[in-house]
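Notes to accompany the following structure.
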Amino acid sequence: MPSLFNNALIATMAGDAVASEGVLAVDQGRIAYVGPASGLPARFSGLEAIDCGGRLITPALIDCHTHIVYGGSRAKEFGMRLEGASYEEIARAGGGIVSTVTATNALTEDELVEAALPRLDALIAEGVATIEIKSGYGLNIDAEMKMLRAARRLAARRPVRIVTTWLAAHTTPPEYKGRNAAYIAEVAIAGLEVAHAEGLVDAVDGFSEGIAFSPDELRPLFARSASLGLPVKLHAEQLSNLGGAKMAAAFGALSADHIEYLDEDGVAAMAKAGTVGVLLPGAYYTLRERQVPPVAALRAHGVAIALASDCNPGTSPLTSLLLTMNMGATLFGLTVAECLTGVTANAARALGLLAETGTLEVGKSADMALWDVSDPAELVYRIGFNPLRSLYIQGQEVNL
């Protein structure tokens, strides 16, 4: 049955974050009209409307970079870091990514689903309707596939849209130490083919860094992804500038993520390819980094900027897109409009979903958030404050 929302301030995010008074009509899960009440089609005029009381409606939020399926906790090593322990000391004590790999591999698929649900629920409670989930803590074919099966199952447990990403090229496990090329061929590529055949993969990612893989080592993986018709994205230029973003852009990457050390050539390559720059202030904050992403260059070249939680157990134990927006503004100097666009329209662009969601436009999925505020800046300005009143996914209200 069609539904109508009136007496609302609506930020469509189709152009900017400015909210205008208007009405919004939903029919069969799709936005059928959005605009001034005077233009409402006659077929909706007799509906009993939902009075929004002058509150703000935005597109439902999108978290376009997460690692929420994993086992274990890294809280102990967090405490060790605060007491002065080095990365090497933490690793010798069984910490670091190896500890997450061990804990993840020890869990069943059912246990991974149950472990991820509280993290997913925290995001939904802040208005998130679409979330990307990566593998990457298995580092063998069976375990990586187990993670993606768990991610797919989360969509059956909660009414959210989930996009899965194959991130076997996250780091090299001990048994492949010094043999990165062999790991890419025997696990990352071979496993991708199996996972793709099972319908578990929507995109492919890798980690290009001195502690992970070089751009050249990742090229065969991206070439195979392209032959399978899968889009790619890349963790790039987080700790140094290896030219990973430029390489990813050459493959038409959906996004390059982190990008603190991105140079002008990389920015230009991303702009030419339409690659989104996904900024991850949670990791920047947790690692106490000092090199901020080149926001001015991204703006100057017209690169779309997205924001995401990067929720993961080691470097960004963050399950709040509202806090992510505040961090993007405070730490990186983004405007309110850039922050809101970064978790709506540009986040959808980073997932290849802009034709379906991310803005409030006729024909798109009716994924909407109703907030107990009347100024979009409130969503970015407040810290530790969740003003979500209602969340709608495909026009259906979600039980929060």
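Ordering of the structure tokens sets the chain letters (A, B, ...); residue numbers start at 1 within each chain; ligands are numbered from 1 in the order shown.
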message = Need to verify the contact set: segment 216-226 of chain A, 8 Å, only C-alpha atoms, exclusion of same-chain residues closer than 6 positions in sequence. Can you return it as number ranges by chain?
response = A: 169, 180-181, 184-185, 188-189, 204, 206, 208, 232, 247, 251
Alpha helix (DSSP H) call set, DSSP backbone run, segment 200-384 of chain A, as a ChimeraX atom specification = /A:215-227,244-250,264-273,281-286,295-301,321-332,336-342,345-350,378-381
query = Near Asp121 of chain A, counting only C-alpha atoms, which residues have an atom at most 10 Å away, once you skip same-chain residues fewer than 6 positions from it, shown as an NGL selection string?
reply = :A and (128 or 158 or 319 or 400)
message = Which residues are near Ser3 of chain A? Cut-off 10 Å, only C-alpha atoms, ignore same chain within fewer than 5 positions. Put them as a PyMOL selection string.
response = chain A and resi 24-29+31-32+44+47-50+395-396
task = With a distance cut-off of 7 Å and only C-alpha atoms, select the neighbouring residues of Leu200 of chain A, excluding the residue or stretch itself and same-chain residues fewer than 4 positions from it, and output the selection as JSON, numbers by chain.
result = {"A": [148, 149, 195, 196]}
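Minimum atom-to-atom distance to Ala11 of chain A, evaluated using only C-alpha atoms, belongs to A:Ala337 out of A:Leu354, A:Ile393, A:Met270, A:Ala337.
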task = May I ask which of the residues A:Ser38, A:Thr359, A:Asn326, A:Thr130 is the closest one to Glu378 of chain A, counting only C-alpha atoms?
result =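 Using only C-alpha atoms, Glu378 of chain A sits closest to A:Asn326.
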inquiry  = Would you pick out the contacts of Leu391 of chain A at 8 Å or less, using only C-alpha atoms, so that residues sharing its chain but fewer than 5 positions from it are not included, and give the list as a PyMOL selection string?
reply    = chain A and resi 60+127+367-370+397-398+400
query = Taking the backbone alone, and naming residues the way the document does, which bits of segment 115-355 of chain A are strand (DSSP E or B) by DSSP, as JSON, numbers by chain?
reply = {"A": [128, 129, 130, 131, 132, 133, 134, 161, 162, 163, 164, 165, 166, 167, 168, 169, 203, 204, 205, 206, 207, 208, 213, 232, 233, 234, 235, 236, 255, 256, 257, 258, 276, 277, 278, 279, 305, 306, 307, 312, 316]}
Compile the contact shell of Ala248 of chain A as a PDB file with C-alpha atoms, in the first residue's frame: residues with an atom at most 8 Å away, counting only C-alpha atoms, same-chain residues fewer than 3 positions apart removed.
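Result written to around-v2.pdb:
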```
ATOM      1  CA  VAL A 232      37.543  -3.939  -7.481  1.00  0.00           C
ATOM      2  CA  LYS A 233      38.524  -1.591  -4.668  1.00  0.00           C
ATOM      3  CA  LEU A 234      41.729  -1.194  -2.687  1.00  0.00           C
ATOM      4  CA  GLY A 244      48.189   1.496  -5.196  1.00  0.00           C
ATOM      5  CA  ALA A 245      45.334   3.923  -5.823  1.00  0.00           C
ATOM      6  CA  PHE A 251      41.243  -1.197 -13.326  1.00  0.00           C
ATOM      7  CA  GLY A 252      38.284   1.205 -12.936  1.00  0.00           C
ATOM      8  CA  ALA A 253      38.145   0.634  -9.189  1.00  0.00           C
ATOM      9  CA  ALA A 256      40.443   3.576  -3.014  1.00  0.00           C
TER      10      ALA A 256
END
```
request  = Quick one: pull the distance between atom CA of Asn7 of chain A and atom CA of Ile57 of chain A, Å, one decimal.
outcome  =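 About the pair atom CA of Asn7 of chain A and atom CA of Ile57 of chain A: they are 10.4 Å apart.
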ask   = For Ile162 of chain A, which residue out of A:Val336, A:Val194, A:Met1, A:Ile131 is the nearest one, using only C-alpha atoms?
value =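 Ranked by minimum distance to Ile162 of chain A, first place goes to A:Ile131.
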query = Which one of A:Ser390, A:Asp202, A:Leu321, A:Ala355 sits closest to Cys339 of chain A if you count only C-alpha atoms?
reply = A:Leu321
note = Between atom CA of Trp371 of chain A and atom CA of Leu56 of chain A lies a distance of 5.3 Å
